[in-house]
$ cat work.cif   # mmCIF, C-alpha atoms
data_target
#
loop_
_atom_site.label_atom_id
_atom_site.label_comp_id
_atom_site.auth_asym_id
_atom_site.auth_seq_id
_atom_site.Cartn_x
_atom_site.Cartn_y
_atom_site.Cartn_z
CA MET A 137 -47.59 53.53 165.15
CA THR A 138 -49.70 50.55 164.17
CA ASP A 139 -50.25 49.52 160.58
CA ARG A 140 -53.84 50.69 160.89
CA ARG A 141 -52.76 54.18 162.01
CA LEU A 142 -50.17 54.35 159.22
CA ARG A 143 -52.88 53.46 156.72
CA LEU A 144 -55.13 56.21 158.05
CA VAL A 145 -52.39 58.86 157.85
CA ILE A 146 -51.44 57.74 154.33
CA ALA A 147 -55.10 57.93 153.28
CA ALA A 148 -55.43 61.44 154.75
CA LEU A 149 -52.29 62.66 152.92
CA CYS A 150 -53.53 61.10 149.68
CA LEU A 151 -56.86 62.91 150.01
CA ILE A 152 -55.05 66.25 150.32
CA GLY A 153 -52.93 65.23 147.32
CA ILE A 154 -56.03 64.39 145.28
CA GLY A 155 -57.39 67.86 146.13
CA VAL A 156 -54.21 69.62 144.96
CA ALA A 157 -53.65 67.52 141.83
CA GLY A 158 -57.36 67.64 141.04
CA TYR A 159 -57.37 71.43 141.15
CA LEU A 160 -54.26 71.66 138.94
CA THR A 161 -55.76 69.15 136.48
CA TYR A 162 -58.98 71.14 136.34
CA GLU A 163 -57.08 74.37 135.68
CA HIS A 164 -54.99 72.66 133.03
CA TYR A 165 -58.02 71.62 131.00
CA ALA A 166 -60.13 74.69 131.79
CA GLY A 167 -57.19 76.77 130.55
CA GLY A 168 -57.45 79.24 133.41
CA ASP A 169 -54.55 80.85 135.20
CA VAL A 170 -53.74 78.91 138.34
CA LYS A 171 -54.49 80.90 141.45
CA CYS A 172 -51.30 81.15 143.38
CA PHE A 173 -50.71 82.08 146.95
CA ILE A 174 -47.38 82.99 148.61
CA ALA A 175 -45.28 82.53 145.45
CA HIS A 176 -46.48 83.79 142.08
CA GLY A 177 -45.14 81.33 139.58
CA CYS A 178 -47.97 78.83 139.22
CA ALA A 179 -49.10 79.90 135.75
CA THR A 180 -45.48 79.99 134.55
CA VAL A 181 -44.81 76.53 135.96
CA GLN A 182 -48.07 75.11 134.60
CA LYS A 183 -47.28 76.48 131.15
CA SER A 184 -43.66 75.39 131.09
CA GLN A 185 -42.40 72.52 128.98
CA TRP A 186 -42.05 70.44 132.13
CA ALA A 187 -45.77 70.65 132.91
CA SER A 188 -46.30 67.55 130.76
CA LEU A 189 -44.56 64.21 130.58
CA PHE A 190 -44.88 62.40 127.24
CA GLY A 191 -47.94 64.53 126.54
CA ILE A 192 -49.63 63.79 129.88
CA PRO A 193 -49.96 66.80 132.21
CA VAL A 194 -48.01 66.14 135.42
CA ALA A 195 -51.09 67.18 137.40
CA VAL A 196 -52.91 64.18 135.91
CA LEU A 197 -49.95 61.93 136.73
CA GLY A 198 -50.09 63.19 140.33
CA LEU A 199 -53.82 62.54 140.50
CA ILE A 200 -53.35 58.98 139.21
CA GLY A 201 -50.53 58.47 141.74
CA TYR A 202 -52.55 59.63 144.75
CA ILE A 203 -55.63 57.64 143.74
CA SER A 204 -53.68 54.42 143.17
CA LEU A 205 -51.85 54.95 146.47
CA ILE A 206 -55.20 55.11 148.27
CA GLY A 207 -56.27 52.05 146.29
CA SER A 208 -53.18 50.14 147.47
CA LEU A 209 -54.37 50.58 151.07
CA LEU A 210 -57.34 48.37 150.27
CA ILE A 211 -55.08 45.46 149.35
CA ARG A 212 -54.39 43.37 152.44
CA GLY A 213 -51.00 42.02 153.37
CA ASP A 214 -47.57 42.55 151.94
CA ALA A 215 -48.82 42.97 148.37
CA GLY A 216 -50.58 46.21 149.33
CA ARG A 217 -47.52 47.49 151.19
CA VAL A 218 -45.21 46.70 148.29
CA ILE A 219 -47.53 48.39 145.77
CA GLY A 220 -47.83 51.43 148.05
CA ALA A 221 -44.06 51.87 148.27
CA ALA A 222 -43.72 51.15 144.54
CA ILE A 223 -46.02 54.11 143.82
CA ALA A 224 -44.79 56.52 146.48
CA LEU A 225 -41.03 56.14 145.93
CA PRO A 226 -41.00 56.95 142.19
CA GLY A 227 -43.58 59.65 142.95
CA PHE A 228 -41.20 61.17 145.46
CA GLY A 229 -38.26 60.99 143.04
CA PHE A 230 -40.31 62.58 140.24
CA SER A 231 -41.48 65.35 142.61
CA MET A 232 -37.88 66.09 143.52
CA TYR A 233 -36.94 66.25 139.84
CA LEU A 234 -39.81 68.64 139.10
CA THR A 235 -38.86 70.84 142.06
CA TYR A 236 -35.31 70.97 140.69
CA ARG A 237 -36.72 72.03 137.29
CA GLU A 238 -38.84 74.70 138.95
CA LEU A 239 -35.86 76.16 140.76
CA TYR A 240 -33.21 75.95 138.07
CA SER A 241 -34.95 75.76 134.68
CA ILE A 242 -38.30 77.52 135.01
CA GLN A 243 -37.09 79.77 137.83
CA ALA A 244 -40.57 80.01 139.23
CA ILE A 245 -42.05 78.26 142.23
CA CYS A 246 -45.59 77.03 142.39
CA ALA A 247 -46.94 76.68 145.91
CA TRP A 248 -49.33 73.90 144.83
CA CYS A 249 -46.43 71.92 143.45
CA VAL A 250 -44.45 72.44 146.67
CA ILE A 251 -47.39 71.09 148.70
CA SER A 252 -47.55 68.05 146.44
CA ALA A 253 -43.78 67.51 146.77
CA VAL A 254 -44.04 67.65 150.58
CA LEU A 255 -46.97 65.20 150.52
CA MET A 256 -45.05 62.81 148.28
CA THR A 257 -42.01 63.02 150.59
CA LEU A 258 -44.14 62.12 153.63
CA LEU A 259 -45.89 59.35 151.70
CA ALA A 260 -42.56 57.88 150.60
CA ILE A 261 -41.41 57.78 154.23
CA LEU A 262 -44.68 56.33 155.56
CA THR A 263 -45.04 53.65 152.88
CA SER A 264 -41.40 52.63 153.45
CA VAL A 265 -42.00 52.35 157.20
CA ARG A 266 -45.14 50.32 156.55
CA LEU A 267 -43.29 47.97 154.25
CA VAL A 268 -40.41 47.37 156.67
CA ARG A 269 -42.65 47.00 159.74
CA GLY A 270 -44.93 44.49 158.14
CA ASP A 271 -48.28 43.47 159.56
CA ASP A 272 -48.99 43.98 163.24
CA ILE A 273 -51.60 41.21 163.42
CA ALA A 274 -48.96 38.43 163.49
CA PRO A 275 -47.05 39.62 166.61
CA VAL A 276 -50.36 40.15 168.47
CA VAL A 277 -51.40 36.54 167.84
CA GLN A 278 -47.96 35.40 168.98
CA ALA A 279 -48.23 37.33 172.24
CA ASP A 280 -51.59 35.76 172.97
CA SER A 281 -50.32 32.19 172.55
CA ASP A 282 -47.37 33.01 174.80
CA GLY A 283 -49.71 34.07 177.58
CA GLU A 284 -51.76 30.89 177.46
CA MET B 237 -59.50 12.71 196.37
CA PRO B 238 -57.39 15.80 196.89
CA ALA B 239 -56.18 15.76 193.39
CA ALA B 240 -59.72 15.73 192.10
CA ALA B 241 -60.57 18.56 194.46
CA GLY B 242 -57.54 20.39 193.14
CA GLU B 243 -58.67 19.86 189.55
CA SER B 244 -62.15 21.15 190.31
CA GLN B 245 -60.62 24.24 191.91
CA VAL B 246 -58.75 24.93 188.69
CA VAL B 247 -62.09 25.46 187.05
CA VAL B 248 -63.20 27.69 189.91
CA PHE B 249 -60.02 29.76 189.59
CA GLY B 250 -60.62 30.29 185.96
CA GLY B 251 -58.20 27.86 184.39
CA GLN B 252 -55.12 30.08 184.84
CA PHE B 253 -51.90 28.18 184.52
CA ALA B 254 -50.29 29.90 187.51
CA THR B 255 -53.22 29.15 189.77
CA PHE B 256 -53.23 25.59 188.59
CA SER B 257 -49.57 25.11 189.55
CA VAL B 258 -50.10 26.51 193.02
CA ILE B 259 -53.00 24.20 193.62
CA ARG B 260 -51.06 21.25 192.26
CA ALA B 261 -48.20 22.08 194.60
CA GLU B 262 -50.57 22.24 197.56
CA VAL B 263 -52.15 18.97 196.63
CA ASN B 264 -48.74 17.32 196.35
CA TYR B 265 -47.71 18.67 199.74
CA HIS B 266 -50.67 17.04 201.40
CA VAL B 267 -50.14 13.75 199.69
CA GLY B 268 -46.73 13.52 201.39
CA SER B 269 -44.20 10.90 200.28
CA MET B 270 -45.40 10.90 196.67
CA SER B 271 -44.73 14.56 196.43
CA SER B 272 -40.91 14.56 196.05
CA GLY B 273 -40.92 12.32 192.93
CA ASN B 274 -43.72 14.40 191.42
CA ASP B 275 -41.81 17.59 192.18
CA LYS B 276 -38.73 16.43 190.32
CA LYS B 277 -40.88 15.39 187.38
CA GLN B 278 -42.60 18.76 187.42
CA THR B 279 -39.32 20.66 187.43
CA LYS B 280 -38.04 18.59 184.60
CA ALA B 281 -41.23 19.24 182.66
CA GLU B 282 -40.92 22.90 183.43
CA ARG B 283 -37.30 22.91 182.34
CA GLN B 284 -38.23 21.22 179.12
CA GLN B 285 -41.04 23.73 178.64
CA ALA B 286 -38.65 26.60 179.34
CA ALA B 287 -36.13 25.20 176.86
CA ARG B 288 -38.88 24.77 174.32
CA ASP B 289 -40.05 28.32 174.92
CA ALA B 290 -36.52 29.67 174.60
CA ARG B 291 -35.98 27.72 171.39
CA GLN B 292 -39.31 28.91 170.03
CA GLN B 293 -38.49 32.48 170.94
CA ALA B 294 -35.10 32.25 169.27
CA GLU B 295 -36.71 30.76 166.19
CA GLN B 296 -39.32 33.47 166.16
CA ALA B 297 -36.66 36.18 166.56
CA GLU B 298 -34.67 34.62 163.75
CA ALA B 299 -37.72 34.41 161.53
CA ALA B 300 -38.60 38.03 162.35
CA ALA B 301 -35.05 39.15 161.56
CA ALA B 302 -35.12 37.22 158.29
CA ALA B 303 -38.50 38.71 157.39
CA ARG B 304 -37.25 42.17 158.24
CA LYS B 305 -34.16 41.65 156.13
CA LYS B 306 -36.36 40.47 153.27
CA ARG B 307 -38.58 43.55 153.63
CA LEU B 308 -35.57 45.87 153.76
CA SER B 309 -34.10 44.35 150.59
CA LEU B 310 -37.56 44.63 148.98
CA LEU B 311 -37.63 48.33 149.90
CA GLY B 312 -34.09 48.72 148.56
CA GLY B 313 -35.18 47.12 145.29
CA ILE B 314 -38.17 49.43 144.97
CA ALA B 315 -36.02 52.49 145.77
CA ALA B 316 -33.46 51.44 143.14
CA ALA B 317 -36.22 50.90 140.55
CA ALA B 318 -37.69 54.31 141.45
CA ALA B 319 -34.27 55.94 140.97
CA VAL B 320 -33.91 54.31 137.54
CA ILE B 321 -37.41 55.46 136.49
CA VAL B 322 -36.79 59.05 137.59
CA ALA B 323 -33.35 59.14 135.96
CA GLY B 324 -34.95 57.86 132.75
CA ILE B 325 -37.59 60.58 132.87
CA ALA B 326 -34.95 63.22 133.58
CA ILE B 327 -32.88 62.14 130.59
CA ALA B 328 -35.92 61.87 128.31
CA THR B 329 -37.26 65.31 129.23
CA SER B 330 -33.99 67.20 129.27
CA SER B 331 -32.69 65.97 125.91
CA GLY B 332 -35.65 64.70 123.91
CA GLY B 333 -38.08 67.10 125.55
CA ASP B 334 -36.24 70.19 124.39
CA ASN B 335 -36.92 70.44 120.72
CA ALA B 336 -33.53 71.90 120.01
CA ASP B 337 -29.95 71.13 120.72
CA LEU B 338 -29.01 74.15 122.80
CA THR B 339 -25.32 73.43 122.96
CA GLY B 340 -24.24 74.98 119.65
CA THR B 341 -24.68 78.47 118.22
CA PRO B 342 -28.17 79.29 116.93
CA ASN B 343 -28.74 79.66 113.17
CA GLY B 344 -28.39 83.02 111.49
CA ALA B 345 -26.26 84.57 114.23
CA SER B 346 -23.79 86.15 111.80
CA ASP B 347 -26.50 87.23 109.30
CA VAL B 348 -28.44 89.01 112.04
CA LYS B 349 -25.30 90.65 113.33
CA SER B 350 -24.36 92.07 109.96
CA LEU B 351 -27.96 93.10 109.13
CA PHE B 352 -28.23 95.34 112.15
CA ALA B 353 -24.63 96.55 112.37
CA GLY B 354 -24.79 100.33 112.61
CA VAL B 355 -28.60 100.38 112.48
CA PRO B 356 -30.08 102.35 115.38
CA GLN B 357 -32.69 100.39 117.35
CA SER B 358 -35.11 101.62 119.93
CA GLY B 359 -38.14 99.91 121.43
CA ASN B 360 -39.87 97.95 118.70
CA SER B 361 -38.23 99.86 115.86
CA ALA B 362 -35.00 99.74 113.86
CA GLY B 363 -33.60 102.32 111.46
CA LYS B 364 -33.00 106.05 111.56
CA PRO B 365 -35.76 107.65 113.64
CA ASP B 366 -36.14 110.39 111.00
CA ALA B 367 -36.18 108.05 108.00
CA PRO B 368 -38.85 109.29 105.54
CA LEU B 369 -40.84 106.04 105.51
CA THR B 370 -42.05 103.65 108.19
CA LEU B 371 -42.94 100.01 107.56
CA VAL B 372 -44.87 98.28 110.31
CA GLU B 373 -44.98 94.48 110.46
CA PHE B 374 -47.55 92.63 112.54
CA ALA B 375 -46.23 89.15 113.22
CA ASP B 376 -46.34 86.16 115.51
CA LEU B 377 -42.92 84.72 116.27
CA LYS B 378 -44.27 81.17 115.95
CA CYS B 379 -46.03 81.83 112.64
CA PRO B 380 -44.33 79.98 109.74
CA VAL B 381 -45.47 82.47 107.07
CA CYS B 382 -43.87 85.28 109.09
CA ARG B 383 -40.70 83.24 109.21
CA SER B 384 -40.71 82.92 105.41
CA PHE B 385 -41.03 86.67 105.07
CA ASP B 386 -38.54 87.63 107.80
CA VAL B 387 -35.87 85.17 106.75
CA ASN B 388 -36.20 85.55 102.97
CA ALA B 389 -37.54 89.03 102.18
CA MET B 390 -36.80 91.18 105.22
CA PRO B 391 -32.99 90.96 105.03
CA THR B 392 -33.06 92.48 101.52
CA ILE B 393 -35.42 95.24 102.67
CA ILE B 394 -33.14 95.99 105.62
CA GLN B 395 -30.02 96.11 103.45
CA LYS B 396 -31.63 98.20 100.74
CA TYR B 397 -33.64 100.68 102.77
CA VAL B 398 -33.02 100.47 106.51
CA GLN B 399 -29.22 100.45 106.40
CA THR B 400 -29.33 103.39 103.98
CA GLY B 401 -31.56 105.45 106.27
CA LYS B 402 -34.60 105.53 103.95
CA LEU B 403 -36.87 103.30 106.02
CA ARG B 404 -37.59 102.66 109.65
CA ILE B 405 -39.19 99.34 110.51
CA GLU B 406 -41.46 98.54 113.42
CA LEU B 407 -42.38 95.10 114.69
CA ARG B 408 -45.68 94.71 116.53
CA LEU B 409 -45.92 91.21 117.93
CA LEU B 410 -49.06 89.19 118.40
CA HIS B 411 -49.44 85.82 120.03
CA PHE B 412 -52.11 83.47 118.81
CA VAL B 413 -50.23 80.65 117.08
CA GLY B 414 -50.73 77.38 118.96
CA GLU B 415 -52.65 79.09 121.77
CA GLN B 416 -55.02 76.12 121.92
CA GLN B 417 -52.46 73.32 122.15
CA HIS B 418 -49.67 75.17 123.91
CA PRO B 419 -51.10 78.15 125.75
CA GLY B 420 -48.51 80.76 126.59
CA ASP B 421 -45.77 79.49 124.31
CA SER B 422 -46.09 82.14 121.62
CA GLU B 423 -46.91 84.75 124.25
CA GLN B 424 -43.75 83.97 126.19
CA ALA B 425 -41.73 84.54 123.02
CA ALA B 426 -43.56 87.80 122.20
CA ARG B 427 -43.16 89.08 125.75
CA TYR B 428 -39.47 88.33 125.78
CA ALA B 429 -38.96 90.02 122.40
CA GLU B 430 -40.83 93.12 123.55
CA ALA B 431 -38.67 93.12 126.70
CA ALA B 432 -35.56 92.84 124.51
CA GLY B 433 -36.87 95.98 122.80
CA MET B 434 -36.60 97.80 126.13
CA GLN B 435 -32.86 97.24 125.69
CA GLY B 436 -32.98 98.17 121.99
CA HIS B 437 -32.63 94.62 120.64
CA LEU B 438 -36.15 93.59 119.59
CA TRP B 439 -35.46 93.27 115.89
CA GLU B 440 -32.25 91.31 116.33
CA PHE B 441 -33.97 88.96 118.72
CA ALA B 442 -37.02 88.53 116.46
CA GLU B 443 -34.81 87.72 113.49
CA MET B 444 -32.85 85.23 115.60
CA PHE B 445 -36.15 83.66 116.59
CA PHE B 446 -37.31 83.39 112.97
CA PHE B 447 -34.00 81.93 111.82
CA ASN B 448 -34.41 79.19 114.44
CA GLN B 449 -38.18 78.83 114.38
CA GLN B 450 -39.48 75.32 115.01
CA ASP B 451 -42.63 73.36 114.30
CA GLU B 452 -45.53 75.60 115.27
CA THR B 453 -47.43 72.64 116.77
CA THR B 454 -44.76 72.00 119.39
CA ASP B 455 -44.11 73.64 122.73
CA TYR B 456 -40.52 74.83 122.65
CA VAL B 457 -40.33 78.33 124.06
CA ASN B 458 -38.83 78.46 127.53
CA ASP B 459 -36.33 80.55 129.43
CA LYS B 460 -33.42 78.35 128.46
CA TYR B 461 -34.34 78.54 124.78
CA LEU B 462 -34.80 82.33 124.85
CA LYS B 463 -31.44 82.75 126.58
CA TRP B 464 -29.76 80.54 124.03
CA LEU B 465 -31.18 82.62 121.14
CA SER B 466 -30.04 85.80 122.89
CA LYS B 467 -26.45 84.71 123.35
CA PRO B 468 -25.14 86.00 119.99
CA ILE B 469 -26.86 89.39 120.44
CA ALA B 470 -24.20 91.71 121.86
CA GLY B 471 -25.53 93.97 124.58
CA LEU B 472 -28.75 92.05 125.28
CA ASN B 473 -29.02 91.15 128.96
CA ALA B 474 -31.14 87.99 128.82
CA ASP B 475 -31.77 87.81 132.56
CA LYS B 476 -33.07 91.36 132.62
CA ALA B 477 -35.24 90.68 129.57
CA LEU B 478 -36.72 87.62 131.29
CA VAL B 479 -37.70 89.74 134.27
CA ASP B 480 -38.99 92.61 132.09
CA SER B 481 -40.99 90.16 129.96
CA LYS B 482 -43.38 89.76 132.88
CA SER B 483 -43.85 93.51 133.34
CA LYS B 484 -47.04 95.51 132.86
CA GLN B 485 -45.27 97.68 130.30
CA VAL B 486 -44.90 94.62 128.07
CA THR B 487 -48.49 93.50 128.67
CA ASP B 488 -49.76 96.97 127.72
CA ALA B 489 -47.63 97.09 124.57
CA LEU B 490 -48.86 93.69 123.36
CA ASP B 491 -52.48 94.63 124.11
CA LYS B 492 -52.02 97.80 122.10
CA TYR B 493 -50.62 95.88 119.10
CA ALA B 494 -53.53 93.42 119.18
CA LYS B 495 -56.01 96.34 119.13
CA GLN B 496 -54.17 98.06 116.27
CA PHE B 497 -54.13 94.77 114.35
CA ALA B 498 -57.91 94.43 114.72
CA ALA B 499 -58.52 98.14 114.04
CA ASN B 500 -56.77 97.81 110.67
CA GLY B 501 -59.02 94.89 109.78
CA PHE B 502 -56.15 92.44 109.62
CA THR B 503 -56.91 88.79 110.13
CA GLY B 504 -53.59 87.05 109.55
CA THR B 505 -49.87 87.52 109.94
CA PRO B 506 -47.69 88.91 108.61
CA SER B 507 -49.64 92.09 107.87
CA PHE B 508 -48.06 95.43 107.00
CA LEU B 509 -48.61 99.15 107.24
CA LEU B 510 -46.58 101.62 105.18
CA GLY B 511 -46.50 105.37 105.26
CA THR B 512 -44.68 108.56 106.12
CA THR B 513 -42.83 108.42 109.42
CA GLY B 514 -44.99 110.21 111.95
CA GLY B 515 -47.85 110.41 109.45
CA THR B 516 -50.73 108.19 108.50
CA LEU B 517 -49.91 104.60 107.67
CA ALA B 518 -51.93 102.47 105.26
CA PRO B 519 -52.10 98.70 104.84
CA LEU B 520 -49.51 97.30 102.45
CA VAL B 521 -50.33 94.12 100.57
CA ALA B 522 -47.54 92.08 99.00
CA ALA B 523 -47.57 92.37 95.21
CA GLY B 524 -46.69 88.75 94.58
CA ALA B 525 -45.21 85.97 96.69
CA GLY B 526 -45.10 86.98 100.34
CA ASP B 527 -41.57 85.73 100.87
CA LYS B 528 -40.01 87.69 97.97
CA ALA B 529 -38.50 91.12 98.66
CA GLU B 530 -39.66 92.30 95.20
CA SER B 531 -43.26 91.94 96.31
CA TYR B 532 -42.66 94.90 98.61
CA THR B 533 -39.82 96.90 97.08
CA THR B 534 -41.86 98.27 94.16
CA GLN B 535 -44.34 99.77 96.63
CA ILE B 536 -41.63 101.08 98.93
CA ASP B 537 -39.83 102.62 95.94
CA ALA B 538 -43.07 104.23 94.79
CA ALA B 539 -43.68 105.71 98.23
CA LEU B 540 -40.10 107.01 98.36
CA GLN B 541 -40.60 108.65 94.93
CA GLY B 542 -43.17 110.90 96.47
CA LYS B 543 -40.77 112.09 99.17
#

$ encode --input "work.cif" --output "structure tokens"
Amino acid sequence: MTDRRLRLVIAALCLIGIGVAGYLTYEHYAGGDVKCFIAHGCATVQKSQWASLFGIPVAVLGLIGYISLIGSLLIRGDAGRVIGAAIALPGFGFSMYLTYRELYSIQAICAWCVISAVLMTLLAILTSVRLVRGDDIAPVVQADSDGE
Amino acid sequence: MPAAAGESQVVVFGGQFATFSVIRAEVNYHVGSMSSGNDKKQTKAERQQAARDARQQAEQAEAAAAARKKRLSLLGGIAAAAAVIVAGIAIATSSGGDNADLTGTPNGASDVKSLFAGVPQSGNSAGKPDAPLTLVEFADLKCPVCRSFDVNAMPTIIQKYVQTGKLRIELRLLHFVGEQQHPGDSEQAARYAEAAGMQGHLWEFAEMFFFNQQDETTDYVNDKYLKWLSKPIAGLNADKALVDSKSKQVTDALDKYAKQFAANGFTGTPSFLLGTTGGTLAPLVAAGAGDKAESYTTQIDAALQGK
């Protein structure tokens, strides 16, 4: 997969993430009960002590994470790739921690949170691949000069 | 000028290196004796080119490997930093985030045990079912004024009247404290207490809650906390209570209490009703400080006089 394709997939996943985190943020401030499908623990999870980190709702943290990840795609070169991985990897770790809390402390599962955890997992993988692969413009230029 | 013709053909053939070589070779062939020296030169040039190419390729491969190694170590660094951040968050939220140290025994465990020893409990009530008088308390588990009453005055009332079979007490829980800042916190506590009542342990649990009540502006009620408070209460199955706390039966009971609270014109907690068991109950207002047993005992004594 080229760097361009990777960027597109990352952007698409981030957009889904913004949708999920945006909805949860809205519900948090509107004070409504989160509509849950499949599992029925969303309201419990949203109202648990782990729904906020240092007073900031985790939904807002997720929203910030997804938006800055999309923003990192606009930065050209290695800097953008490093920033992307530096957002996605802690995001993935934090998602895993929250999933652990859902399962063992809150004992309720929120489907929205599971979607976000899956998105963060994929994003962590893709941003890591992007970082290790580097730019694909350089090898293309090299191939051209070889052919001359 | 074959060579010149050859050169011009290069242009015609589009300047491709391969084509150029073929033409050069042809030109050399026609020139005859000069060709062998030129050939050797060409091969040498080609060899040098090949060596240069190989060296360049090796250098490029080396550079690519070095870059890759650098990127991998960069990724490793980011992953390590991410692990440290998440571990930090985990530690901060699991110790500092819980507003209580849940390793020891909760406060008041022995007081609560002795208060309710031998006192029959059922649903939201404690005391002999046929006790002449009934005292109803409307309270919110997170309300500090309720705590003052239930920790300071209620134990005396229980010892004096409930343990002696003269009074039956009922607790009707509301949940409004901190609903703005921490929605669901007080409700979770009320629901769990009502569910504990389904096992005949509501009063013990409520007293345990009051003995350990925390700052009303914080969010501290969660399953772990409720379980911890329940530990000293013999016979209370915390896991079952957690499940029951989400039941419709509990929802209906709490709705009913809220309606009764409003119907009596009460606006704050704790509020009380006193009257004959099974008969009409009337609001009871503390005659004095709300956290002193004497503010209630005179009125309870007076009501008992009439029995």

$ residues_around --input "work.cif" --residues "range 447-452 of chain B" --least-positions-apart "5" --cutoff "12 Å" --atoms "all atoms listed in the file" --output "compact mmCIF listing (two decimals) with C-alpha atoms, in the frame of the given file"
# COMPACT_ATOMS: atom_id res chain seq x y z
CA ASP B 334 -36.24 70.19 124.39
CA ASN B 335 -36.92 70.44 120.72
CA ALA B 336 -33.53 71.90 120.01
CA ASP B 337 -29.95 71.13 120.72
CA LEU B 338 -29.01 74.15 122.80
CA THR B 341 -24.68 78.47 118.22
CA PRO B 342 -28.17 79.29 116.93
CA ASN B 343 -28.74 79.66 113.17
CA GLY B 344 -28.39 83.02 111.49
CA ALA B 345 -26.26 84.57 114.23
CA SER B 346 -23.79 86.15 111.80
CA ASP B 347 -26.50 87.23 109.30
CA VAL B 348 -28.44 89.01 112.04
CA ASP B 376 -46.34 86.16 115.51
CA LEU B 377 -42.92 84.72 116.27
CA LYS B 378 -44.27 81.17 115.95
CA CYS B 379 -46.03 81.83 112.64
CA PRO B 380 -44.33 79.98 109.74
CA VAL B 381 -45.47 82.47 107.07
CA CYS B 382 -43.87 85.28 109.09
CA ARG B 383 -40.70 83.24 109.21
CA SER B 384 -40.71 82.92 105.41
CA PHE B 385 -41.03 86.67 105.07
CA ASP B 386 -38.54 87.63 107.80
CA VAL B 387 -35.87 85.17 106.75
CA ASN B 388 -36.20 85.55 102.97
CA MET B 390 -36.80 91.18 105.22
CA PRO B 391 -32.99 90.96 105.03
CA HIS B 411 -49.44 85.82 120.03
CA PHE B 412 -52.11 83.47 118.81
CA VAL B 413 -50.23 80.65 117.08
CA GLY B 414 -50.73 77.38 118.96
CA GLU B 415 -52.65 79.09 121.77
CA GLN B 416 -55.02 76.12 121.92
CA GLN B 417 -52.46 73.32 122.15
CA HIS B 418 -49.67 75.17 123.91
CA ASP B 421 -45.77 79.49 124.31
CA SER B 422 -46.09 82.14 121.62
CA ALA B 425 -41.73 84.54 123.02
CA GLU B 440 -32.25 91.31 116.33
CA PHE B 441 -33.97 88.96 118.72
CA ALA B 442 -37.02 88.53 116.46
CA VAL B 457 -40.33 78.33 124.06
CA TYR B 461 -34.34 78.54 124.78
CA LEU B 462 -34.80 82.33 124.85
CA TRP B 464 -29.76 80.54 124.03
CA LEU B 465 -31.18 82.62 121.14
CA SER B 466 -30.04 85.80 122.89

$ atom_distance --input "work.cif" --atom1 "CA of Ala157 in chain A" --atom2 "CA of Val196 in chain A"
6.8 Å

$ closest_residue --input "work.cif" --among "B:Ser350, B:Thr487, B:Thr453, B:Asn458" --to "chain A" --atoms "all atoms listed in the file"
B:Asn458

$ residues_around --input "work.cif" --residues "range 470-486 of chain B" --least-positions-apart "2" --cutoff "7 Å" --atoms "all atoms listed in the file" --output "number ranges by chain"
B: 427-428, 430-432, 435, 437, 463, 466, 468, 488-490

$ residues_around --input "work.cif" --residues "Val156 in chain A" --least-positions-apart "6" --cutoff "9 Å" --atoms "only C-alpha atoms" --output "list in words"
Ala195, Gly198, Leu199, Trp248, Cys249, Ile251 and Ser252 of chain A

$ residues_around --input "work.cif" --residues "range 317-320 of chain B" --least-positions-apart "3" --cutoff "6 Å" --atoms "all atoms listed in the file" --output "PyMOL selection string"
(chain A and resi 225-226) or (chain B and resi 314+323)

$ residues_around --input "work.cif" --residues "Val145 in chain A" --least-positions-apart "3" --cutoff "12 Å" --atoms "only C-alpha atoms" --output "count of residues only"
20

$ atom_distance --input "work.cif" --atom1 "CA of Met256 in chain A" --atom2 "CA of Ile200 in chain A"
12.9 Å

$ interface_residues --input "work.cif" --of "chain B" --to "chain A" --cutoff "10 Å" --atoms "only C-alpha atoms" --output "number ranges by chain"
B: 251-253, 289, 293, 296, 300, 303-323, 325-326, 328-330, 333-334, 416, 418-421, 424, 454-460

$ atom_distance --input "work.cif" --atom1 "CA of Tyr162 in chain A" --atom2 "CA of Ile327 in chain B"
28.2 Å

$ resolve_selection --input "work.cif" --expression "the PyMOL selection byres ((chain B and resi 365) around 12)" --output "number ranges by chain"
B: 355-364, 366-370, 398, 401-406, 512-514

$ closest_residue --input "work.cif" --among "B:Leu540, B:Ala523, B:Ala297, B:Leu517" --to "Asn500 in chain B" --atoms "only C-alpha atoms"
B:Leu517

$ closest_residue --input "work.cif" --among "B:Ala294, B:Ala281, B:Leu351, B:Ala499" --to "Met444 in chain B" --atoms "all atoms listed in the file"
B:Leu351

$ closest_residue --input "work.cif" --among "B:Trp439, B:Phe446, B:Phe497, B:Phe508" --to "Lys349 in chain B" --atoms "all atoms listed in the file"
B:Trp439
